[in-house]
$ cat input-v4.tsv   # TSV, C-alpha atoms and all ligand atoms
chain	number	residue	atom	x	y	z
H	1	MET	CA	149.24	54.37	97.53
H	2	LYS	CA	146.62	56.97	96.87
H	3	ILE	CA	143.21	56.88	98.49
H	4	ALA	CA	140.32	58.97	97.22
H	5	ILE	CA	138.13	60.05	100.11
H	6	LEU	CA	134.52	60.75	99.16
H	7	PRO	CA	132.48	61.48	102.31
H	8	GLY	CA	129.23	62.47	100.56
H	9	ASP	CA	126.10	63.54	102.41
H	10	GLY	CA	124.33	63.18	105.74
H	11	ILE	CA	126.28	61.16	108.27
H	12	GLY	CA	128.83	60.39	105.51
H	13	THR	CA	131.13	63.22	106.52
H	14	GLU	CA	131.08	62.31	110.23
H	15	ILE	CA	131.78	58.62	109.82
H	16	VAL	CA	134.43	59.01	107.13
H	17	GLU	CA	136.26	61.48	109.35
H	18	GLN	CA	136.60	58.77	112.00
H	19	ALA	CA	137.77	56.16	109.49
H	20	VAL	CA	140.43	58.56	108.21
H	21	ARG	CA	141.64	59.11	111.78
H	22	VAL	CA	141.87	55.36	112.26
H	23	LEU	CA	143.88	54.97	109.04
H	24	GLY	CA	146.13	57.79	110.24
H	25	ALA	CA	146.82	55.91	113.49
H	26	LEU	CA	148.34	52.97	111.60
H	27	ASP	CA	151.58	54.64	110.47
H	28	LEU	CA	151.12	53.55	106.88
H	29	ARG	CA	152.41	55.64	104.07
H	30	PHE	CA	149.60	56.78	101.84
H	31	GLU	CA	148.46	59.86	100.06
H	32	SER	CA	144.83	60.89	100.20
H	33	GLU	CA	142.66	63.43	98.49
H	34	THR	CA	139.11	64.36	99.40
H	35	ALA	CA	136.36	65.33	96.96
H	36	LEU	CA	132.68	66.15	96.99
H	37	VAL	CA	130.13	63.59	95.86
H	38	GLY	CA	126.33	63.22	95.97
H	39	GLY	CA	124.10	66.07	97.11
H	40	ALA	CA	127.11	68.00	98.41
H	41	ALA	CA	128.66	67.92	94.92
H	42	TYR	CA	125.36	68.87	93.33
H	43	GLU	CA	125.17	71.95	95.56
H	44	ALA	CA	128.73	73.00	94.74
H	45	HIS	CA	129.10	71.92	91.10
H	46	GLY	CA	125.60	71.22	89.82
H	47	HIS	CA	126.25	67.49	89.43
H	48	PRO	CA	126.34	64.60	91.96
H	49	LEU	CA	129.41	63.08	90.29
H	50	PRO	CA	131.49	65.96	88.90
H	51	ASP	CA	134.23	65.15	86.37
H	52	SER	CA	136.91	66.13	88.89
H	53	THR	CA	135.57	63.61	91.43
H	54	LEU	CA	135.33	60.85	88.83
H	55	LYS	CA	138.88	61.60	87.67
H	56	LEU	CA	140.20	61.40	91.23
H	57	ALA	CA	138.37	58.11	91.77
H	58	LYS	CA	139.84	56.69	88.56
H	59	GLU	CA	143.39	57.70	89.45
H	60	ALA	CA	143.34	56.48	93.04
H	61	ASP	CA	144.30	52.96	94.12
H	62	ALA	CA	141.22	52.74	96.30
H	63	ILE	CA	138.21	54.82	97.24
H	64	LEU	CA	136.77	55.31	100.70
H	65	PHE	CA	133.16	56.37	100.33
H	66	GLY	CA	130.71	57.57	102.99
H	67	ALA	CA	127.09	57.76	101.86
H	68	VAL	CA	124.95	59.87	99.56
H	69	GLY	CA	121.36	61.04	99.53
H	70	ASP	CA	118.88	63.30	101.22
H	71	TRP	CA	115.11	63.53	100.90
H	72	LYS	CA	115.45	67.12	99.83
H	73	TYR	CA	116.80	65.96	96.45
H	74	ASP	CA	113.93	63.56	95.74
H	75	LYS	CA	112.25	66.00	93.39
H	76	LEU	CA	115.31	66.56	91.19
H	77	GLU	CA	115.48	65.02	87.75
H	78	ARG	CA	116.96	61.53	88.16
H	79	GLN	CA	120.35	62.37	86.63
H	80	TYR	CA	120.97	64.99	89.34
H	81	ARG	CA	119.96	62.89	92.33
H	82	PRO	CA	122.73	61.95	94.78
H	83	GLU	CA	122.26	58.19	94.19
H	84	GLN	CA	123.46	58.68	90.63
H	85	ALA	CA	126.92	59.36	92.04
H	86	ILE	CA	127.36	55.89	93.47
H	87	LEU	CA	125.70	54.23	90.49
H	88	GLY	CA	127.97	56.26	88.17
H	89	LEU	CA	131.10	55.31	90.10
H	90	ARG	CA	130.16	51.62	89.96
H	91	LYS	CA	129.54	51.82	86.24
H	92	HIS	CA	132.46	54.01	85.17
H	93	LEU	CA	134.96	52.10	87.30
H	94	GLY	CA	133.59	48.66	86.40
H	95	LEU	CA	133.03	47.75	90.06
H	96	PHE	CA	131.03	44.64	89.33
H	97	ALA	CA	131.70	42.55	92.42
H	98	ASN	CA	130.11	43.75	95.63
H	99	PHE	CA	131.09	41.99	98.86
H	100	ARG	CA	128.68	42.48	101.73
H	101	PRO	CA	129.66	40.40	104.73
H	102	ALA	CA	127.05	39.93	107.45
H	103	LEU	CA	128.96	39.08	110.56
H	104	CYS	CA	127.34	38.90	113.96
H	105	TYR	CA	129.75	40.10	116.62
H	106	GLU	CA	129.50	38.00	119.73
H	107	GLN	CA	129.16	41.18	121.82
H	108	LEU	CA	126.14	42.31	119.79
H	109	THR	CA	124.13	39.11	119.57
H	110	HIS	CA	121.38	40.71	121.64
H	111	ALA	CA	120.99	43.66	119.27
H	112	SER	CA	119.69	41.31	116.56
H	113	SER	CA	115.96	41.17	115.93
H	114	LEU	CA	116.29	37.37	115.81
H	115	LYS	CA	116.74	35.02	118.76
H	116	PRO	CA	120.37	34.88	119.88
H	117	GLU	CA	120.69	31.15	119.07
H	118	LEU	CA	119.83	31.85	115.42
H	119	VAL	CA	122.53	34.48	114.95
H	120	THR	CA	125.34	33.59	117.37
H	121	GLY	CA	128.41	33.03	115.21
H	122	LEU	CA	126.64	34.15	112.03
H	123	ASP	CA	129.15	34.78	109.25
H	124	ILE	CA	127.76	35.02	105.75
H	125	LEU	CA	129.05	36.78	102.69
H	126	ILE	CA	126.66	38.22	100.15
H	127	ILE	CA	128.24	38.71	96.75
H	128	ARG	CA	126.06	41.02	94.71
H	129	GLU	CA	126.60	41.66	91.00
H	130	LEU	CA	126.78	45.44	90.83
H	131	THR	CA	126.90	46.77	87.27
H	132	GLY	CA	124.16	44.87	85.43
H	133	ASP	CA	120.57	43.69	85.83
H	134	ILE	CA	117.51	45.94	85.90
H	135	TYR	CA	119.60	48.69	87.52
H	136	PHE	CA	121.45	49.45	84.29
H	137	GLY	CA	119.51	47.57	81.58
H	138	GLN	CA	118.41	49.57	78.58
H	139	PRO	CA	115.89	50.48	77.33
H	140	ARG	CA	114.06	52.13	80.18
H	141	GLY	CA	111.76	55.08	80.47
H	142	ARG	CA	108.18	56.26	80.14
H	143	ARG	CA	105.94	55.98	77.11
H	144	THR	CA	102.42	55.36	75.97
H	145	ALA	CA	101.56	51.67	76.09
H	146	VAL	CA	100.79	50.04	72.76
H	147	ASP	CA	99.77	46.71	74.30
H	148	GLY	CA	99.38	45.14	77.76
H	149	HIS	CA	96.36	45.53	80.00
H	150	PHE	CA	95.84	49.21	79.22
H	151	PRO	CA	96.84	50.14	75.66
H	152	GLY	CA	97.06	53.92	75.26
H	153	ALA	CA	97.82	54.47	78.95
H	154	GLU	CA	100.99	56.09	80.25
H	155	GLU	CA	103.48	53.44	81.41
H	156	ALA	CA	107.04	53.10	82.73
H	157	PHE	CA	109.47	50.24	82.08
H	158	ASP	CA	112.95	48.99	82.92
H	159	THR	CA	114.90	46.13	81.38
H	160	MET	CA	116.28	43.19	83.31
H	161	ARG	CA	119.22	41.67	81.43
H	162	TYR	CA	122.43	39.75	82.03
H	163	SER	CA	125.04	38.63	79.52
H	164	ARG	CA	126.99	35.38	79.83
H	165	PRO	CA	130.34	37.10	80.65
H	166	GLU	CA	128.71	39.18	83.38
H	167	ILE	CA	127.32	36.07	85.06
H	168	GLU	CA	130.50	34.05	84.55
H	169	ARG	CA	132.78	36.59	86.18
H	170	ILE	CA	130.63	37.07	89.27
H	171	ALA	CA	130.21	33.29	89.59
H	172	HIS	CA	134.03	32.90	89.56
H	173	VAL	CA	134.30	35.57	92.27
H	174	ALA	CA	131.77	33.69	94.41
H	175	PHE	CA	133.35	30.24	94.02
H	176	GLN	CA	136.81	31.63	94.72
H	177	ALA	CA	135.56	33.44	97.82
H	178	ALA	CA	133.86	30.25	99.01
H	179	ARG	CA	137.15	28.35	98.68
H	180	LYS	CA	138.59	30.62	101.37
H	181	ARG	CA	135.56	30.03	103.61
H	182	ASN	CA	133.20	27.10	104.14
H	183	LYS	CA	133.09	26.07	100.47
H	184	LYS	CA	129.39	26.54	99.95
H	185	VAL	CA	127.72	28.87	97.44
H	186	THR	CA	124.00	29.60	97.30
H	187	SER	CA	123.05	31.18	93.98
H	188	VAL	CA	119.83	33.15	94.34
H	189	ASP	CA	117.57	33.51	91.30
H	190	LYS	CA	113.97	33.63	90.14
H	191	ALA	CA	114.38	31.00	87.43
H	192	ASN	CA	110.81	29.82	87.92
H	193	VAL	CA	109.54	33.07	86.39
H	194	LEU	CA	112.29	35.11	84.73
H	195	GLU	CA	114.29	34.28	81.58
H	196	THR	CA	117.18	36.39	82.86
H	197	PHE	CA	117.45	34.28	85.98
H	198	GLN	CA	116.99	30.91	84.27
H	199	PHE	CA	120.03	31.95	82.22
H	200	TRP	CA	121.79	33.07	85.41
H	201	LYS	CA	121.17	29.65	86.97
H	202	ASP	CA	122.38	27.79	83.85
H	203	VAL	CA	125.59	29.82	83.59
H	204	VAL	CA	126.38	29.55	87.33
H	205	THR	CA	125.90	25.78	87.05
H	206	GLU	CA	128.35	25.64	84.12
H	207	VAL	CA	130.99	27.68	85.93
H	208	HIS	CA	130.58	25.42	88.97
H	209	ALA	CA	132.06	22.54	86.97
H	210	GLN	CA	135.46	24.22	87.50
H	211	TYR	CA	135.00	24.19	91.28
H	212	PRO	CA	134.18	20.60	92.24
H	213	ASP	CA	135.43	21.24	95.79
H	214	VAL	CA	132.72	23.87	96.37
H	215	GLU	CA	129.11	22.91	97.03
H	216	LEU	CA	126.54	24.79	94.92
H	217	GLN	CA	122.92	25.24	95.88
H	218	HIS	CA	120.27	27.17	93.91
H	219	MET	CA	117.51	29.03	95.70
H	220	TYR	CA	114.62	31.22	94.56
H	221	VAL	CA	114.82	34.72	95.91
H	222	ASP	CA	111.55	34.57	97.85
H	223	ASN	CA	112.69	31.42	99.61
H	224	ALA	CA	116.11	32.98	100.24
H	225	ALA	CA	114.42	35.94	101.96
H	226	MET	CA	112.59	33.44	104.16
H	227	GLN	CA	115.59	31.21	104.91
H	228	LEU	CA	117.64	34.27	105.90
H	229	VAL	CA	115.37	34.84	108.88
H	230	LYS	CA	114.61	31.16	109.52
H	231	ALA	CA	118.07	29.61	109.48
H	232	PRO	CA	120.64	32.22	108.45
H	233	LYS	CA	123.60	30.15	109.62
H	234	ALA	CA	122.89	27.61	106.86
H	235	PHE	CA	124.37	30.11	104.36
H	236	ASP	CA	128.03	30.65	103.61
H	237	VAL	CA	128.47	32.61	100.35
H	238	VAL	CA	125.35	33.93	98.63
H	239	VAL	CA	125.73	35.11	95.04
H	240	THR	CA	123.00	36.99	93.26
H	241	GLY	CA	122.08	39.76	90.83
H	242	ASN	CA	122.08	43.47	91.44
H	243	MET	CA	118.45	43.94	92.45
H	244	PHE	CA	118.00	40.81	94.58
H	245	GLY	CA	121.39	41.53	96.17
H	246	ASP	CA	120.30	45.04	97.11
H	247	ILE	CA	117.29	43.69	98.96
H	248	LEU	CA	118.81	40.58	100.56
H	249	SER	CA	121.90	42.43	101.78
H	250	ASP	CA	119.77	44.84	103.81
H	251	GLU	CA	117.89	41.91	105.26
H	252	ALA	CA	121.12	40.06	106.11
H	253	ALA	CA	122.57	43.21	107.64
H	254	MET	CA	119.71	43.48	110.08
H	255	LEU	CA	120.28	39.93	111.32
H	256	THR	CA	123.52	41.11	112.81
H	257	GLY	CA	121.87	43.71	115.00
H	258	SER	CA	122.83	46.87	113.21
H	259	ILE	CA	123.45	47.90	109.67
H	260	GLY	CA	125.78	50.40	111.34
H	261	MET	CA	128.35	47.61	111.74
H	262	LEU	CA	128.62	46.34	108.19
H	263	PRO	CA	131.31	47.28	105.73
H	264	SER	CA	131.31	46.56	102.01
H	265	ALA	CA	133.72	46.38	99.11
H	266	SER	CA	132.98	46.88	95.43
H	267	LEU	CA	135.77	45.55	93.26
H	268	ASP	CA	136.75	45.68	89.60
H	269	LYS	CA	138.54	42.90	87.76
H	270	ASN	CA	141.92	44.01	89.13
H	271	ASN	CA	140.75	44.27	92.73
H	272	LYS	CA	140.74	48.02	92.68
H	273	GLY	CA	137.84	48.93	94.87
H	274	LEU	CA	135.42	51.30	96.41
H	275	TYR	CA	134.77	50.76	100.11
H	276	GLU	CA	131.67	52.00	101.85
H	277	PRO	CA	129.45	51.17	104.79
H	278	SER	CA	126.40	49.10	103.83
H	279	HIS	CA	124.10	51.71	105.31
H	280	GLY	CA	122.95	55.01	103.82
H	281	SER	CA	123.32	58.70	104.65
H	282	ALA	CA	120.69	58.71	107.45
H	283	PRO	CA	119.74	62.40	107.11
H	284	ASP	CA	117.53	62.08	110.21
H	285	ILE	CA	120.56	61.76	112.49
H	286	ALA	CA	123.11	63.71	110.43
H	287	GLY	CA	125.09	66.35	112.28
H	288	LYS	CA	124.10	65.01	115.69
H	289	GLY	CA	127.31	63.12	116.34
H	290	VAL	CA	125.51	59.87	117.10
H	291	ALA	CA	126.09	57.82	113.92
H	292	ASN	CA	127.99	54.56	114.25
H	293	PRO	CA	131.34	54.95	112.46
H	294	LEU	CA	132.28	51.27	112.78
H	295	ALA	CA	130.94	50.16	109.39
H	296	THR	CA	133.11	52.78	107.71
H	297	ILE	CA	136.11	51.96	109.88
H	298	LEU	CA	135.67	48.28	108.98
H	299	SER	CA	135.35	49.30	105.30
H	300	ALA	CA	138.76	50.93	105.62
H	301	ALA	CA	140.04	47.57	106.91
H	302	MET	CA	138.57	45.81	103.87
H	303	MET	CA	140.30	48.41	101.68
H	304	LEU	CA	143.65	47.62	103.27
H	305	ARG	CA	143.08	43.92	102.75
H	306	TYR	CA	141.63	43.77	99.24
H	307	SER	CA	143.10	46.74	97.36
H	308	LEU	CA	146.18	47.89	99.26
H	309	GLN	CA	147.76	44.54	100.22
H	310	GLN	CA	148.10	45.46	103.90
H	311	PRO	CA	146.46	42.49	105.65
H	312	ALA	CA	148.26	43.06	108.95
H	313	ALA	CA	146.96	46.62	109.16
H	314	ALA	CA	143.46	45.35	108.34
H	315	ASP	CA	143.74	42.82	111.17
H	316	ARG	CA	144.75	45.59	113.55
H	317	ILE	CA	141.63	47.62	112.75
H	318	GLU	CA	139.35	44.61	113.13
H	319	ALA	CA	140.93	43.64	116.43
H	320	ALA	CA	140.57	47.23	117.67
H	321	VAL	CA	136.86	47.23	116.80
H	322	LYS	CA	136.36	43.99	118.74
H	323	ALA	CA	138.26	45.49	121.66
H	324	VAL	CA	136.05	48.59	121.88
H	325	LEU	CA	132.95	46.40	121.71
H	326	SER	CA	134.32	44.19	124.47
H	327	ALA	CA	135.01	47.32	126.51
H	328	GLY	CA	131.28	47.97	126.31
H	329	LEU	CA	131.27	51.08	124.14
H	330	ARG	CA	128.16	51.43	121.98
H	331	THR	CA	126.71	54.06	119.69
H	332	PRO	CA	122.92	54.42	120.13
H	333	ASP	CA	122.07	52.00	117.29
H	334	ILE	CA	123.74	49.11	119.13
H	335	TRP	CA	123.30	50.27	122.70
H	336	SER	CA	121.69	47.99	125.28
H	337	GLU	CA	121.25	48.09	129.05
H	338	GLY	CA	124.56	47.79	130.88
H	339	THR	CA	126.74	49.17	128.07
H	340	THR	CA	128.20	52.66	127.68
H	341	LYS	CA	126.57	54.96	125.16
H	342	VAL	CA	129.05	56.98	123.11
H	343	GLY	CA	128.90	59.28	120.10
H	344	THR	CA	130.56	59.07	116.70
H	345	ARG	CA	133.74	60.84	117.69
H	346	GLU	CA	134.20	59.00	120.97
H	347	MET	CA	133.82	55.71	119.14
H	348	GLY	CA	136.53	56.87	116.72
H	349	ASP	CA	138.71	57.93	119.67
H	350	ALA	CA	138.30	54.49	121.23
H	351	VAL	CA	139.29	52.62	118.06
H	352	VAL	CA	142.32	54.88	117.63
H	353	ALA	CA	143.25	54.28	121.26
H	354	ALA	CA	142.93	50.52	120.82
H	355	ILE	CA	145.18	50.63	117.77
H	356	THR	CA	147.83	52.74	119.42
H	357	GLY	CA	147.75	50.50	122.49
H	358	LYS	CA	146.25	52.95	124.96
H	359	THR	CA	143.60	51.79	127.39
H	360	ILE	CA	140.04	52.35	126.38
H	361	THR	CA	138.05	54.32	128.87
H	362	LYS	CA	134.74	56.02	128.78
H	363	THR	CA	135.46	59.46	127.41
H	364	THR	CA	132.33	61.41	128.28
I	401	LIG	C1	123.00	50.17	98.11
I	401	LIG	C2	122.05	51.32	97.94
I	401	LIG	C3	122.12	51.82	96.50
I	401	LIG	C4	121.65	50.68	95.62
I	401	LIG	C5	121.35	53.12	96.22
I	401	LIG	C6	121.82	54.24	97.12
I	401	LIG	C7	121.46	53.54	94.78
I	401	LIG	O1	120.77	50.96	98.32
I	401	LIG	O2	124.21	50.36	97.87
I	401	LIG	O3	122.55	49.08	98.45
I	401	LIG	O4	120.44	50.51	95.39
I	401	LIG	O5	122.50	49.95	95.14
I	402	MG	MG	120.63	49.00	99.18

$ encode --input "input-v4.tsv" --output "structure tokens" --more "lines below"
Ligand code: IPM
Ligand code: MG
Amino acid sequence: MKIAILPGDGIGTEIVEQAVRVLGALDLRFESETALVGGAAYEAHGHPLPDSTLKLAKEADAILFGAVGDWKYDKLERQYRPEQAILGLRKHLGLFANFRPALCYEQLTHASSLKPELVTGLDILIIRELTGDIYFGQPRGRRTAVDGHFPGAEEAFDTMRYSRPEIERIAHVAFQAARKRNKKVTSVDKANVLETFQFWKDVVTEVHAQYPDVELQHMYVDNAAMQLVKAPKAFDVVVTGNMFGDILSDEAAMLTGSIGMLPSASLDKNNKGLYEPSHGSAPDIAGKGVANPLATILSAAMMLRYSLQQPAAADRIEAAVKAVLSAGLRTPDIWSEGTTKVGTREMGDAVVAAITGKTITKTT
């Protein structure tokens, strides 16, 4: 097994370091190689996704990714911005299926912005299509308008589009995932306004015919945003396009108390995957040793489960994370009165200790 480690920018390096330590504590045999990506790669090689990094990612069995981005790159031409690295990896590796679980840990119910009774036991899975939609649709750009409200004015445009095979394959992923859970899929669209999403709805409905044991519900995206804060536990699997999935997955993440807890997996058709925390590079807290490494550690667990066929090792990581939470250790993002505030490294230490069977104590 070969794992490509791409820490990236901001807190990316700190949190990935802890996840690598946790993987090291499991006594698995794997090879790993680290490479620069994002702003760090731009500084060193003049491109956020250098050929050498892309080659490593293609050769590896799985990729552990931190985060990319920093405000200081906002003025660069789009192709050189750090975000292009993750978009490029998704596209070049065909990582079309993005799994973003939103799981509310019992110990963190009070960190949620919603009332505890709304989120206790919350366990939803957002499946976001990741290589199509308005994110990648051509044509796009700037031009002089020839029609519209202001002919002759400067305008910008993007193209929202989905092909039948793109919708079919993500629908299959969602129905199959639902079979292993509570057998309910909510397909989120905007069929009342957009052609692309009327087509999405039609194709998802057709694919559903092959999964009579799974319940399918359609929901407009605006209503889905509302239902997520009104009655989030009514959802099981949510499947949607790239853009709506980007937005709803951040919303769902916040229901659980902290985006610092949520892992994600982006898979290709052979279950090769890229694993990253759902949160970003948080430049405001980078280098301070306070970032929550648990989302990345849990991403490593997803990697073991989905791409490396090591479910027992994945279970061990997840159990260790629950154990450190039960022991009361909290990074600042999930801290509350009566719990012990720890930094990034101490949180990593505690998870390693839980895995290797040592007692967890406050380490400050
Ligand atoms: C995400 C992020 C990315 C996205 C950015 C960094 C390009 O927000 O993974 O959700 O929009 O997909
Ligand atoms: Mg996002």

$ closest_atom_pairs --input "input-v4.tsv" --of "chain H" --to "ligand MG 402 (chain I)" --cutoff "12 Å" --atoms "all atoms listed in the file" --output "Markdown table"
| residue | atom | partner | partner_atom | distance |
| --- | --- | --- | --- | --- |
| H:Ala67 | CA | I:MG402 | MG | 11.2 |
| H:Val68 | CA | I:MG402 | MG | 11.7 |
| H:Glu83 | CA | I:MG402 | MG | 10.6 |
| H:Ile86 | CA | I:MG402 | MG | 11.2 |
| H:Leu87 | CA | I:MG402 | MG | 11.3 |
| H:Asn98 | CA | I:MG402 | MG | 11.4 |
| H:Arg100 | CA | I:MG402 | MG | 10.7 |
| H:Arg128 | CA | I:MG402 | MG | 10.6 |
| H:Leu130 | CA | I:MG402 | MG | 11.0 |
| H:Tyr135 | CA | I:MG402 | MG | 11.7 |
| H:Asn242 | CA | I:MG402 | MG | 9.6 |
| H:Met243 | CA | I:MG402 | MG | 8.7 |
| H:Phe244 | CA | I:MG402 | MG | 9.8 |
| H:Gly245 | CA | I:MG402 | MG | 8.1 |
| H:Asp246 | CA | I:MG402 | MG | 4.5 |
| H:Ile247 | CA | I:MG402 | MG | 6.3 |
| H:Leu248 | CA | I:MG402 | MG | 8.7 |
| H:Ser249 | CA | I:MG402 | MG | 7.2 |
| H:Asp250 | CA | I:MG402 | MG | 6.3 |
| H:Glu251 | CA | I:MG402 | MG | 9.7 |
| H:Ala252 | CA | I:MG402 | MG | 11.3 |
| H:Ala253 | CA | I:MG402 | MG | 10.4 |
| H:Ile259 | CA | I:MG402 | MG | 10.9 |
| H:Ser264 | CA | I:MG402 | MG | 11.3 |
| H:Glu276 | CA | I:MG402 | MG | 11.7 |
| H:Pro277 | CA | I:MG402 | MG | 10.7 |
| H:Ser278 | CA | I:MG402 | MG | 7.4 |
| H:His279 | CA | I:MG402 | MG | 7.5 |
| H:Gly280 | CA | I:MG402 | MG | 7.9 |
| H:Ser281 | CA | I:MG402 | MG | 11.5 |

$ closest_residue --input "input-v4.tsv" --among "H:Glu346, H:Asp123, H:Asp9, H:Asp147" --to "ligand LIG 401 (chain I)" --atoms "only C-alpha atoms and all ligand atoms"
H:Asp9

$ residues_around --input "input-v4.tsv" --residues "Glu14 (chain H)" --least-positions-apart "2" --cutoff "8 Å" --atoms "all atoms listed in the file" --output "VMD selection string"
chain H and resid 11 to 12 16 to 18 287 289 291 293 344

$ atom_distance --input "input-v4.tsv" --atom1 "CA of Ile317 (chain H)" --atom2 "CA of Ile15 (chain H)"
15.1 Å

$ atom_distance --input "input-v4.tsv" --atom1 "CA of Lys180 (chain H)" --atom2 "CA of Ile297 (chain H)"
23.1 Å

$ atom_distance --input "input-v4.tsv" --atom1 "CA of Leu329 (chain H)" --atom2 "CA of Arg316 (chain H)"
18.0 Å

$ closest_residue --input "input-v4.tsv" --among "H:Lys75, H:His45, H:Arg305, H:His208" --to "Asn271 (chain H)" --atoms "all atoms listed in the file"
H:Arg305

$ closest_residue --input "input-v4.tsv" --among "H:Leu118, H:Ala40, H:Leu56, H:Val239" --to "Gly10 (chain H)" --atoms "only C-alpha atoms"
H:Ala40

$ residues_around --input "input-v4.tsv" --residues "Gln309 (chain H)" --least-positions-apart "3" --cutoff "12 Å" --atoms "only C-alpha atoms" --output "ChimeraX atom specification"
/H:1,28,61-62,271-272,301-306,312-315

$ write_last_selection --input "input-v4.tsv" --atoms "C-alpha atoms" --output "PDB file, keeping the file's coordinate frame"
ATOM      1  CA  MET H   1     149.240  54.370  97.530  1.00  0.00           C
ATOM      2  CA  LEU H  28     151.120  53.550 106.880  1.00  0.00           C
ATOM      3  CA  ASP H  61     144.300  52.960  94.120  1.00  0.00           C
ATOM      4  CA  ALA H  62     141.220  52.740  96.300  1.00  0.00           C
ATOM      5  CA  ASN H 271     140.750  44.270  92.730  1.00  0.00           C
ATOM      6  CA  LYS H 272     140.740  48.020  92.680  1.00  0.00           C
ATOM      7  CA  ALA H 301     140.040  47.570 106.910  1.00  0.00           C
ATOM      8  CA  MET H 302     138.570  45.810 103.870  1.00  0.00           C
ATOM      9  CA  MET H 303     140.300  48.410 101.680  1.00  0.00           C
ATOM     10  CA  LEU H 304     143.650  47.620 103.270  1.00  0.00           C
ATOM     11  CA  ARG H 305     143.080  43.920 102.750  1.00  0.00           C
ATOM     12  CA  TYR H 306     141.630  43.770  99.240  1.00  0.00           C
ATOM     13  CA  ALA H 312     148.260  43.060 108.950  1.00  0.00           C
ATOM     14  CA  ALA H 313     146.960  46.620 109.160  1.00  0.00           C
ATOM     15  CA  ALA H 314     143.460  45.350 108.340  1.00  0.00           C
ATOM     16  CA  ASP H 315     143.740  42.820 111.170  1.00  0.00           C
TER      17      ASP H 315
END

$ axis_aligned_box --input "input-v4.tsv" --around "ligand LIG 401 (chain I)" --padding-each-side "3 Å" --output "AutoDock Vina command-line options"
--center_x 122.3 --center_y 51.7 --center_z 96.6 --size_x 9.8 --size_y 11.2 --size_z 9.7

$ closest_residue --input "input-v4.tsv" --among "H:Ser266, H:Gln210, H:Asn223, H:Ser52" --to "ligand LIG 401 (chain I)" --atoms "all atoms listed in the file"
H:Ser266

$ decode --input "input-v4.tsv" --residues "region 304-314 of chain H" --atoms "N, CA, C and O atoms" --output "tab-separated table (two decimals), in the first residue's frame"
chain	number	residue	atom	x	y	z
H	304	LEU	N	-8.63	3.96	5.45
H	304	LEU	CA	-8.38	2.55	5.74
H	304	LEU	C	-9.59	1.71	5.36
H	304	LEU	O	-9.47	0.61	4.83
H	305	ARG	N	-10.77	2.25	5.59
H	305	ARG	CA	-11.99	1.49	5.34
H	305	ARG	C	-12.31	1.40	3.84
H	305	ARG	O	-12.55	0.31	3.32
H	306	TYR	N	-12.31	2.54	3.15
H	306	TYR	CA	-12.79	2.55	1.77
H	306	TYR	C	-11.73	2.16	0.73
H	306	TYR	O	-12.05	1.52	-0.25
H	307	SER	N	-10.49	2.61	0.91
H	307	SER	CA	-9.50	2.35	-0.15
H	307	SER	C	-8.50	1.27	0.20
H	307	SER	O	-7.94	0.64	-0.69
H	308	LEU	N	-8.23	1.06	1.49
H	308	LEU	CA	-7.14	0.15	1.83
H	308	LEU	C	-7.61	-1.16	2.47
H	308	LEU	O	-6.80	-1.97	2.91
H	309	GLN	N	-8.91	-1.37	2.49
H	309	GLN	CA	-9.49	-2.63	2.99
H	309	GLN	C	-8.95	-3.03	4.36
H	309	GLN	O	-8.56	-4.17	4.59
H	310	GLN	N	-8.92	-2.07	5.27
H	310	GLN	CA	-8.46	-2.35	6.65
H	310	GLN	C	-9.54	-1.89	7.63
H	310	GLN	O	-9.32	-0.98	8.43
H	311	PRO	N	-10.72	-2.51	7.58
H	311	PRO	CA	-11.82	-2.01	8.42
H	311	PRO	C	-11.52	-2.10	9.92
H	311	PRO	O	-11.95	-1.23	10.69
H	312	ALA	N	-10.77	-3.10	10.34
H	312	ALA	CA	-10.50	-3.23	11.78
H	312	ALA	C	-9.63	-2.06	12.26
H	312	ALA	O	-9.86	-1.51	13.35
H	313	ALA	N	-8.67	-1.68	11.44
H	313	ALA	CA	-7.82	-0.54	11.80
H	313	ALA	C	-8.64	0.75	11.83
H	313	ALA	O	-8.45	1.61	12.70
H	314	ALA	N	-9.57	0.87	10.90
H	314	ALA	CA	-10.44	2.05	10.88
H	314	ALA	C	-11.27	2.11	12.17
H	314	ALA	O	-11.39	3.16	12.80
